[in-house]
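Here is the structure we will look at.
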Amino acid sequence: MRIFRRPSPSAFRLCALGAACLLRAAAADGGLAPAKNWVLPLFTKEGYHSMTLRGAEVHPFSSDRIDVTDLNITVFSGDPAARVETVLLSSRASYFPHEKKASGRDYVRLIRDDCEITGQDWTYQEEGKKVSIRRHAHVVYYEQLHGLIK
C-alpha cells in the first residue's frame, strides 16, 4: 500500500548518515548510550524542509539497527509552503540504515489530510515508498465517495 512519497532521494541517506554519526559518538564514548529527545530535520537540496524524524529516546543497537522510542516521522511538501503531508507515529520502532527501512511490532498511526491508518506489525520501506501493516489494519478515509450507493 503506497502511503506517502519520499520528499527527496537524499532524505534517508541523510538519516543513515545521522544514524552513523550517532553510532560513532556512542562507540567513542565507550558504549552504546541512548540519545534523549532526538531530532533529525532533513531538507531538500534547495533548502526546503522535507522531513523531520524525532524520538524520545534512541538506542543504537548495532551499526545495522537503531531502536527508537516514541518515533515521529513528519513529511513536509519540500517546497516554500512547507505543508505537512504525512505524520507516522509509533511508540517503539527500529530503523535499519543499511536497508533503508523502519519497522515495529507495536501500533503505528499514519495521519494524512485524506485518511488515517492504524495497525500493528508494520514496515516502512524506502524502496517502493510503501508502508505495510500486517495485523489489525484500520483505514479511515475523510473523502466523500460519490456514487457508491445508488
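Naming works like this for the C-alpha cells: A, B, ... for the chains as they're shown, residue 1 at the start of each chain, ligands 1 onward in shown order.
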
Give me the residues within 8 Å of A:Ala137 as a VMD selection string, counting only C-alpha atoms and dropping any in the same chain fewer than 5 places off. chain A and resid 117 to 120

Grab the residues selected above and save them as a CSV table (one decimal), in the first residue's frame with N, CA and C atoms.
```csv
chain,number,residue,atom,x,y,z
A,117,ILE,N,-4.6,5.8,9.1
A,117,ILE,CA,-4.4,4.3,9.1
A,117,ILE,C,-3.7,3.9,10.4
A,118,THR,N,-4.2,2.9,11.0
A,118,THR,CA,-3.6,2.4,12.2
A,118,THR,C,-3.4,0.9,12.0
A,119,GLY,N,-2.6,0.3,12.8
A,119,GLY,CA,-2.4,-1.2,12.8
A,119,GLY,C,-1.1,-1.6,13.6
A,120,GLN,N,-0.8,-2.8,13.5
A,120,GLN,CA,0.3,-3.4,14.2
A,120,GLN,C,1.2,-4.1,13.3
```

Quick one: pick out all strand (DSSP E) residues within stretch 67-144 of chain A from a backbone DSSP run and write them as a PyMOL selection string. chain A and resi 67-76+84-96+101-111+115-125+130-141

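Counting only C-alpha atoms, the residue from A:Glu116, A:Asp70, A:Asp106, A:Asp64 that sits nearest to A:Val39 is A:Asp70.
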
Selection near stretch 77-93 of chain A, 8 Å with only C-alpha atoms, sequence-local residues under 4 positions removed, as a list in words: Phe4, Pro7, Ser8, Phe43, Thr44, Tyr48, His49, Ser50, Met51, Asp67, Val68, Thr69, Asp70, Leu71, Asn72, Ile73, Ala102, Ser103, Gly104, Arg105, Asp106, Tyr107, Val108, Arg109, Leu110, Ile111, Arg112 and Asp113 of chain A

What does the file look like for those residues with N, CA and C atoms, as an mmCIF file, in the first residue's frame?
```cif
data_model
loop_
_atom_site.group_PDB
_atom_site.id
_atom_site.type_symbol
_atom_site.label_atom_id
_atom_site.label_comp_id
_atom_site.auth_asym_id
_atom_site.auth_seq_id
_atom_site.Cartn_x
_atom_site.Cartn_y
_atom_site.Cartn_z
ATOM 1 N N PHE A 4 2.832 7.469 1.305
ATOM 2 C CA PHE A 4 3.365 8.791 1.016
ATOM 3 C C PHE A 4 4.641 8.654 0.221
ATOM 4 N N PRO A 7 10.184 12.696 0.109
ATOM 5 C CA PRO A 7 10.347 14.044 -0.389
ATOM 6 C C PRO A 7 11.597 14.264 -1.234
ATOM 7 N N SER A 8 12.670 13.578 -0.955
ATOM 8 C CA SER A 8 13.862 13.746 -1.775
ATOM 9 C C SER A 8 14.679 12.465 -1.715
ATOM 10 N N PHE A 43 16.310 18.396 4.783
ATOM 11 C CA PHE A 43 15.950 19.454 3.844
ATOM 12 C C PHE A 43 16.256 19.023 2.418
ATOM 13 N N THR A 44 15.537 19.608 1.459
ATOM 14 C CA THR A 44 15.825 19.357 0.053
ATOM 15 C C THR A 44 17.120 20.068 -0.308
ATOM 16 N N TYR A 48 14.518 23.533 1.341
ATOM 17 C CA TYR A 48 13.170 23.457 1.897
ATOM 18 C C TYR A 48 13.049 22.253 2.834
ATOM 19 N N HIS A 49 12.237 22.404 3.854
ATOM 20 C CA HIS A 49 12.023 21.347 4.842
ATOM 21 C C HIS A 49 11.321 20.169 4.177
ATOM 22 N N SER A 50 11.938 18.978 4.222
ATOM 23 C CA SER A 50 11.342 17.812 3.588
ATOM 24 C C SER A 50 10.834 16.792 4.609
ATOM 25 N N MET A 51 11.539 16.635 5.727
ATOM 26 C CA MET A 51 11.157 15.611 6.693
ATOM 27 C C MET A 51 11.814 15.902 8.032
ATOM 28 N N ASP A 67 17.139 1.480 17.657
ATOM 29 C CA ASP A 67 15.807 1.381 18.245
ATOM 30 C C ASP A 67 15.357 2.752 18.722
ATOM 31 N N VAL A 68 14.103 3.113 18.408
ATOM 32 C CA VAL A 68 13.574 4.441 18.711
ATOM 33 C C VAL A 68 12.306 4.303 19.547
ATOM 34 N N THR A 69 12.247 5.044 20.650
ATOM 35 C CA THR A 69 11.040 5.123 21.474
ATOM 36 C C THR A 69 10.284 6.377 21.086
ATOM 37 N N ASP A 70 8.978 6.268 20.920
ATOM 38 C CA ASP A 70 8.112 7.380 20.509
ATOM 39 C C ASP A 70 8.578 8.002 19.189
ATOM 40 N N LEU A 71 8.647 7.173 18.171
ATOM 41 C CA LEU A 71 9.046 7.618 16.838
ATOM 42 C C LEU A 71 7.983 8.535 16.241
ATOM 43 N N ASN A 72 8.417 9.631 15.659
ATOM 44 C CA ASN A 72 7.544 10.572 14.955
ATOM 45 C C ASN A 72 8.263 10.954 13.669
ATOM 46 N N ILE A 73 7.697 10.559 12.536
ATOM 47 C CA ILE A 73 8.231 10.953 11.232
ATOM 48 C C ILE A 73 7.225 11.924 10.634
ATOM 49 N N ALA A 102 12.219 1.215 8.186
ATOM 50 C CA ALA A 102 11.836 1.313 9.587
ATOM 51 C C ALA A 102 10.730 0.297 9.815
ATOM 52 N N SER A 103 10.666 -0.269 11.024
ATOM 53 C CA SER A 103 9.611 -1.231 11.311
ATOM 54 C C SER A 103 9.349 -1.276 12.803
ATOM 55 N N GLY A 104 8.200 -1.853 13.145
ATOM 56 C CA GLY A 104 7.844 -2.009 14.540
ATOM 57 C C GLY A 104 6.742 -3.027 14.705
ATOM 58 N N ARG A 105 6.688 -3.663 15.861
ATOM 59 C CA ARG A 105 5.635 -4.624 16.164
ATOM 60 C C ARG A 105 4.460 -3.929 16.850
ATOM 61 N N ASP A 106 4.744 -2.813 17.522
ATOM 62 C CA ASP A 106 3.692 -2.065 18.207
ATOM 63 C C ASP A 106 2.807 -1.351 17.189
ATOM 64 N N TYR A 107 1.802 -0.679 17.714
ATOM 65 C CA TYR A 107 0.873 0.049 16.843
ATOM 66 C C TYR A 107 1.569 1.187 16.112
ATOM 67 N N VAL A 108 1.107 1.438 14.922
ATOM 68 C CA VAL A 108 1.540 2.573 14.119
ATOM 69 C C VAL A 108 0.295 3.377 13.778
ATOM 70 N N ARG A 109 0.471 4.667 13.700
ATOM 71 C CA ARG A 109 -0.623 5.558 13.293
ATOM 72 C C ARG A 109 -0.083 6.460 12.202
ATOM 73 N N LEU A 110 -0.710 6.395 11.035
ATOM 74 C CA LEU A 110 -0.306 7.211 9.907
ATOM 75 C C LEU A 110 -1.422 8.218 9.647
ATOM 76 N N ILE A 111 -1.088 9.500 9.631
ATOM 77 C CA ILE A 111 -2.078 10.559 9.530
ATOM 78 C C ILE A 111 -1.793 11.408 8.297
ATOM 79 N N ARG A 112 -2.841 11.589 7.479
ATOM 80 C CA ARG A 112 -2.810 12.476 6.313
ATOM 81 C C ARG A 112 -4.102 13.284 6.327
ATOM 82 N N ASP A 113 -4.189 14.289 5.480
ATOM 83 C CA ASP A 113 -5.428 15.067 5.393
ATOM 84 C C ASP A 113 -6.597 14.218 4.921
#
```

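Minimum atom-to-atom distances from A:Glu143, A:Thr123, A:Thr74, A:Trp38 to A:Phe96 were compared using only C-alpha atoms, and the lowest value belongs to A:Thr123.
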
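Atom CA of A:Gly47 to atom CA of A:Lys130 spans 25.2 Å [interatomic distance, one decimal].
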
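In this structure, atom CA of A:Ala35 sits 16.2 Å away from atom CA of A:Thr52.
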
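In this model, the gap between atom CA of A:Val131 and atom CA of A:Leu53 comes to 16.2 Å.
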